[in-house]
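**Student:** File follows, upload35.pdb with PDB, C-alpha atoms:
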```pdb
ATOM      1  CA  MET A   1       5.327  -2.870 -10.806
ATOM      2  CA  ARG A   2       7.183   0.416 -10.754
ATOM      3  CA  THR A   3       5.997   3.940 -10.137
ATOM      4  CA  LEU A   4       5.717   5.818 -13.404
ATOM      5  CA  ALA A   5       8.403   8.467 -13.378
ATOM      6  CA  ASN A   6       7.264  10.455 -16.387
ATOM      7  CA  GLY A   7       4.118  11.771 -14.691
ATOM      8  CA  LEU A   8       1.979  11.083 -17.755
ATOM      9  CA  PRO A   9      -1.701  10.600 -17.009
ATOM     10  CA  HIS A  10      -3.136   7.115 -17.061
ATOM     11  CA  GLN A  11      -5.600   6.327 -19.821
ATOM     12  CA  ARG A  12      -8.603   6.523 -17.421
ATOM     13  CA  THR A  13      -8.126  10.158 -16.566
ATOM     14  CA  LYS A  14      -6.724  13.262 -18.157
ATOM     15  CA  LEU A  15      -5.652  14.577 -14.767
ATOM     16  CA  LYS A  16      -2.106  14.111 -13.556
ATOM     17  CA  PRO A  17      -2.068  11.247 -11.034
ATOM     18  CA  ARG A  18      -1.723  12.282  -7.411
ATOM     19  CA  LEU A  19      -0.917  10.022  -4.525
ATOM     20  CA  SER A  20      -3.206   9.790  -1.544
ATOM     21  CA  LYS A  21      -1.567  11.537   1.402
ATOM     22  CA  SER A  22      -1.903   8.298   3.368
ATOM     23  CA  VAL A  23       0.074   6.480   0.645
ATOM     24  CA  ILE A  24       2.818   9.102   0.888
ATOM     25  CA  GLN A  25       2.919   8.949   4.704
ATOM     26  CA  LEU A  26       3.122   5.159   4.924
ATOM     27  CA  ARG A  27       5.834   5.013   2.258
ATOM     28  CA  GLU A  28       7.845   7.713   4.074
ATOM     29  CA  GLN A  29       7.609   5.852   7.378
ATOM     30  CA  VAL A  30       8.824   2.640   5.737
ATOM     31  CA  ASP A  31      11.680   4.529   4.038
ATOM     32  CA  ASP A  32      12.681   6.211   7.311
ATOM     33  CA  THR A  33      12.671   2.911   9.194
ATOM     34  CA  TYR A  34      14.404   0.884   6.485
ATOM     35  CA  PRO A  35      16.620   3.355   4.586
ATOM     36  CA  ASN A  36      18.752   0.621   2.982
ATOM     37  CA  ARG A  37      15.902  -1.661   1.959
ATOM     38  CA  ASP A  38      15.372  -3.072  -1.520
ATOM     39  CA  ARG A  39      12.908  -0.962  -3.531
ATOM     40  CA  ARG A  40      12.730  -2.970  -6.762
ATOM     41  CA  THR A  41       9.100  -3.997  -6.317
ATOM     42  CA  ASP A  42       7.940  -0.740  -4.713
ATOM     43  CA  GLY A  43       5.216   1.017  -6.622
ATOM     44  CA  THR A  44       2.252   3.320  -6.555
ATOM     45  CA  ILE A  45       0.925   4.220 -10.013
ATOM     46  CA  GLY A  46       0.035   1.144 -12.035
ATOM     47  CA  ASP A  47       1.047   0.533 -15.606
ATOM     48  CA  ALA A  48      -1.317  -0.203 -18.508
ATOM     49  CA  LYS A  49      -1.487  -3.885 -17.471
ATOM     50  CA  HIS A  50      -3.295  -2.983 -14.262
ATOM     51  CA  ASP A  51      -7.027  -3.500 -14.050
ATOM     52  CA  SER A  52      -8.944  -0.237 -14.230
ATOM     53  CA  LYS A  53     -10.457  -1.094 -10.827
ATOM     54  CA  SER A  54      -7.023  -1.357  -9.198
ATOM     55  CA  ASP A  55      -6.233   1.192  -6.513
ATOM     56  CA  HIS A  56      -2.935   1.659  -8.386
ATOM     57  CA  THR A  57      -4.937   3.119 -11.281
ATOM     58  CA  PRO A  58      -5.786   6.827 -10.935
ATOM     59  CA  ASP A  59      -9.524   7.385 -10.510
ATOM     60  CA  ALA A  60     -11.521  10.047 -12.378
ATOM     61  CA  ALA A  61     -10.135  12.726 -10.040
ATOM     62  CA  GLY A  62      -6.570  11.428 -10.452
ATOM     63  CA  TRP A  63      -6.216   9.804  -6.986
ATOM     64  CA  VAL A  64      -3.989   6.747  -6.550
ATOM     65  CA  ARG A  65      -4.792   4.849  -3.355
ATOM     66  CA  ALA A  66      -2.318   1.954  -3.215
ATOM     67  CA  VAL A  67       1.311   1.377  -2.392
ATOM     68  CA  ASP A  68       3.506  -1.685  -2.833
ATOM     69  CA  ILE A  69       6.401  -2.036  -0.407
ATOM     70  CA  ASP A  70       9.229  -4.385  -1.390
ATOM     71  CA  ALA A  71       9.354  -7.396   0.945
ATOM     72  CA  ASP A  72      13.142  -7.264   1.263
ATOM     73  CA  LEU A  73      13.257  -4.817   4.155
ATOM     74  CA  THR A  74      16.331  -6.320   5.838
ATOM     75  CA  ASP A  75      18.450  -9.451   5.645
ATOM     76  CA  HIS A  76      15.740 -11.179   7.696
ATOM     77  CA  LYS A  77      13.249 -12.340   5.056
ATOM     78  CA  SER A  78      10.458 -12.759   7.604
ATOM     79  CA  GLU A  79      10.517  -9.048   8.516
ATOM     80  CA  SER A  80       7.916  -8.227   5.838
ATOM     81  CA  ILE A  81       5.494 -10.753   7.334
ATOM     82  CA  TYR A  82       5.761  -8.991  10.705
ATOM     83  CA  LEU A  83       5.310  -5.568   9.097
ATOM     84  CA  ALA A  84       2.282  -6.687   7.066
ATOM     85  CA  ASN A  85       0.764  -8.055  10.256
ATOM     86  CA  GLN A  86       1.365  -4.792  12.122
ATOM     87  CA  ILE A  87      -0.212  -2.796   9.275
ATOM     88  CA  ARG A  88      -3.206  -5.162   9.418
ATOM     89  CA  ALA A  89      -3.508  -4.775  13.204
ATOM     90  CA  TYR A  90      -3.249  -0.994  12.918
ATOM     91  CA  ALA A  91      -5.975  -0.945  10.247
ATOM     92  CA  LYS A  92      -8.284  -2.910  12.527
ATOM     93  CA  SER A  93      -7.927  -0.414  15.375
ATOM     94  CA  ASP A  94      -7.673   2.822  13.369
ATOM     95  CA  PRO A  95     -10.804   4.934  13.979
ATOM     96  CA  SER A  96     -10.225   6.900  10.756
ATOM     97  CA  LYS A  97     -10.386   3.670   8.702
ATOM     98  CA  ARG A  98      -7.893   4.916   6.111
ATOM     99  CA  ILE A  99      -6.681   1.435   5.134
ATOM    100  CA  SER A 100      -8.975  -0.639   2.940
ATOM    101  CA  TYR A 101      -7.001  -3.907   2.770
ATOM    102  CA  VAL A 102      -3.530  -5.464   3.004
ATOM    103  CA  ILE A 103      -2.181  -8.288   0.829
ATOM    104  CA  HIS A 104       1.054 -10.203   1.412
ATOM    105  CA  ASN A 105       2.384 -13.703   0.910
ATOM    106  CA  HIS A 106      -0.823 -15.318  -0.417
ATOM    107  CA  LYS A 107      -2.986 -13.673   2.285
ATOM    108  CA  ILE A 108      -5.386 -10.733   2.407
ATOM    109  CA  ALA A 109      -6.919  -8.919   5.369
ATOM    110  CA  SER A 110      -9.767  -6.402   5.354
ATOM    111  CA  ARG A 111     -12.895  -5.448   7.268
ATOM    112  CA  ILE A 112     -14.737  -8.341   5.569
ATOM    113  CA  LEU A 113     -13.565 -10.790   8.253
ATOM    114  CA  ASN A 114     -12.674  -8.220  10.911
ATOM    115  CA  TRP A 115      -9.091  -7.955   9.645
ATOM    116  CA  LYS A 116      -8.310 -11.667   9.958
ATOM    117  CA  TRP A 117      -5.900 -13.035   7.379
ATOM    118  CA  ARG A 118      -7.519 -15.250   4.764
ATOM    119  CA  LYS A 119      -6.243 -16.973   1.637
ATOM    120  CA  TYR A 120      -5.640 -14.664  -1.323
ATOM    121  CA  THR A 121      -6.139 -16.300  -4.718
ATOM    122  CA  GLY A 122      -5.486 -13.392  -7.065
ATOM    123  CA  ILE A 123      -3.078 -13.612 -10.002
ATOM    124  CA  ASN A 124      -0.242 -11.950  -8.070
ATOM    125  CA  PRO A 125       0.410 -13.693  -4.728
ATOM    126  CA  HIS A 126       2.229 -10.587  -3.406
ATOM    127  CA  THR A 127       5.243 -12.535  -2.164
ATOM    128  CA  SER A 128       7.761  -9.931  -3.356
ATOM    129  CA  HIS A 129       5.955  -6.991  -1.784
ATOM    130  CA  ILE A 130       3.301  -5.866   0.693
ATOM    131  CA  HIS A 131       0.294  -4.260  -0.990
ATOM    132  CA  VAL A 132      -1.698  -1.680   0.999
ATOM    133  CA  SER A 133      -4.848  -0.089  -0.417
ATOM    134  CA  PHE A 134      -6.570   2.917   1.085
ATOM    135  CA  ASN A 135     -10.187   4.021   1.268
ATOM    136  CA  LYS A 136     -11.481   6.873  -0.838
ATOM    137  CA  GLY A 137     -12.032  10.112   1.060
ATOM    138  CA  LYS A 138     -10.139  10.707   4.282
ATOM    139  CA  ALA A 139      -7.053   8.781   3.139
ATOM    140  CA  ASP A 140      -6.683  11.161   0.192
ATOM    141  CA  THR A 141      -6.202  14.180   2.432
ATOM    142  CA  ASP A 142      -5.058  12.658   5.743
ATOM    143  CA  GLY A 143      -1.294  12.245   5.885
ATOM    144  CA  SER A 144      -1.123  11.771   9.632
ATOM    145  CA  PHE A 145       1.427   9.443  11.204
ATOM    146  CA  PHE A 146       0.614   5.722  11.278
ATOM    147  CA  GLU A 147       1.065   4.491  14.859
ATOM    148  CA  ILE A 148       2.704   1.223  13.805
ATOM    149  CA  SER A 149       5.408   0.115  16.245
ATOM    150  CA  MET A 150       7.778  -1.250  13.577
ATOM    151  CA  LEU A 151       7.548   2.133  11.837
ATOM    152  CA  GLY A 152       8.267   4.347  14.841
ATOM    153  CA  GLY A 153       4.781   4.364  16.342
ATOM    154  CA  LYS A 154       3.502   3.393  19.767
TER     155      LYS A 154
END
```
Can you turn what I pasted into structure tokens?
**Tutor:**
Amino acid sequence: MRTLANGLPHQRTKLKPRLSKSVIQLREQVDDTYPNRDRRTDGTIGDAKHDSKSDHTPDAAGWVRAVDIDADLTDHKSESIYLANQIRAYAKSDPSKRISYVIHNHKIASRILNWKWRKYTGINPHTSHIHVSFNKGKADTDGSFFEISMLGGK
């Protein structure tokens, strides 16, 4: 999936899509930490093939609450597994609860099982990228720094 560059509204809304500030912040931290990373499977705004319930699809107010981060961060292919795990751990401890769920490499983590990884059986196994979805509300307007150690945090 690629971010739509033309800025045209998705079929569900007539409003121009706008990225959640949390989406923007996380993507910027990843870009700052891995400036030479592969970005081929990065994405935010879904194409017409995406389910209307996808967080990549703009909602009625135009908000997009998901980001895909290409798994090829460095020459070390396992780096994305470590990053996905740190994002998951951060989400578990974050009092603002901006992150809704994380999917990577056939696994998903969310509040459902207290942020433990479990098997993901969706159509896309998310092996080429890390998918992070954000909760409606605070994540839309909160672009504060994510305290994730691999991304410059504590």
**Student:** So which one's closest to A:Ala139, A:Thr121, A:Ser96, A:Thr44, A:Ser78? Using all atoms listed in the file, please.
**Tutor:** A:Ser96
**Student:** Could you tell me, as a PyMOL selection string, exactly which residues end up selected when the PyMOL selection byres ((chain A and resi 85) around 12) is applied to this structure?
**Tutor:** chain A and resi 78-84+86-92+101-105+107-110+115-117+130-132+148-150
**Student:** Quote the spacing between atom CA of A:Asp55 and atom CA of A:Tyr120 in Å to one decimal place.
**Tutor:** 16.7 Å
**Student:** Report as a PyMOL selection string all protein, DNA and RNA residues lying within 8 Å of stretch 64-77 of chain A, evaluated on all atoms listed in the file, omitting residues in the same chain fewer than 6 positions from it.
**Tutor:** chain A and resi 17-20+23+27+34+36-45+55-58+127-136+139-140
**Student:** Would you compute the distance between atom CA of A:Pro95 and atom CA of A:Ile112? Give it in Å to one decimal.
**Tutor:** 16.2 Å
**Student:** Skip A:Leu26 itself and residues of its chain fewer than 5 positions away, then list as a compact mmCIF listing (two decimals) with C-alpha atoms, in the coordinates of the input all residues within 9 Å of it, counting only C-alpha atoms.
**Tutor:**
```txt
# COMPACT_ATOMS: atom_id res chain seq x y z
CA LYS A 21 -1.57 11.54 1.40
CA ASP A 31 11.68 4.53 4.04
CA VAL A 67 1.31 1.38 -2.39
CA GLY A 143 -1.29 12.24 5.88
CA PHE A 145 1.43 9.44 11.20
CA PHE A 146 0.61 5.72 11.28
CA LEU A 151 7.55 2.13 11.84
```
**Student:** Work out how far atom CA of A:Ile99 is from atom CA of A:Gly137, in Å to one decimal.
**Tutor:**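 Interatomic distance, atom CA of A:Gly137 to atom CA of A:Ile99: 11.0 Å.
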**Student:** Report the centre and edge lengths, in Å to one decimal, of an axis-aligned box enclosing every atom of stretch 92-111 of chain A listed in the file, padded by 5 Å on each side, as JSON.
**Tutor:**
```
{"center_x": -5.3, "center_y": -4.2, "center_z": 7.5, "size_x": 25.3, "size_y": 32.2, "size_z": 25.8}
```
**Student:** With only C-alpha atoms as the basis for distance, which of A:Thr33, A:Arg118, A:Trp63, A:Glu147 is at the shortest distance from A:Gly46?
**Tutor:**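 Nearest candidate to A:Gly46 out of A:Thr33, A:Arg118, A:Trp63, A:Glu147: A:Trp63.
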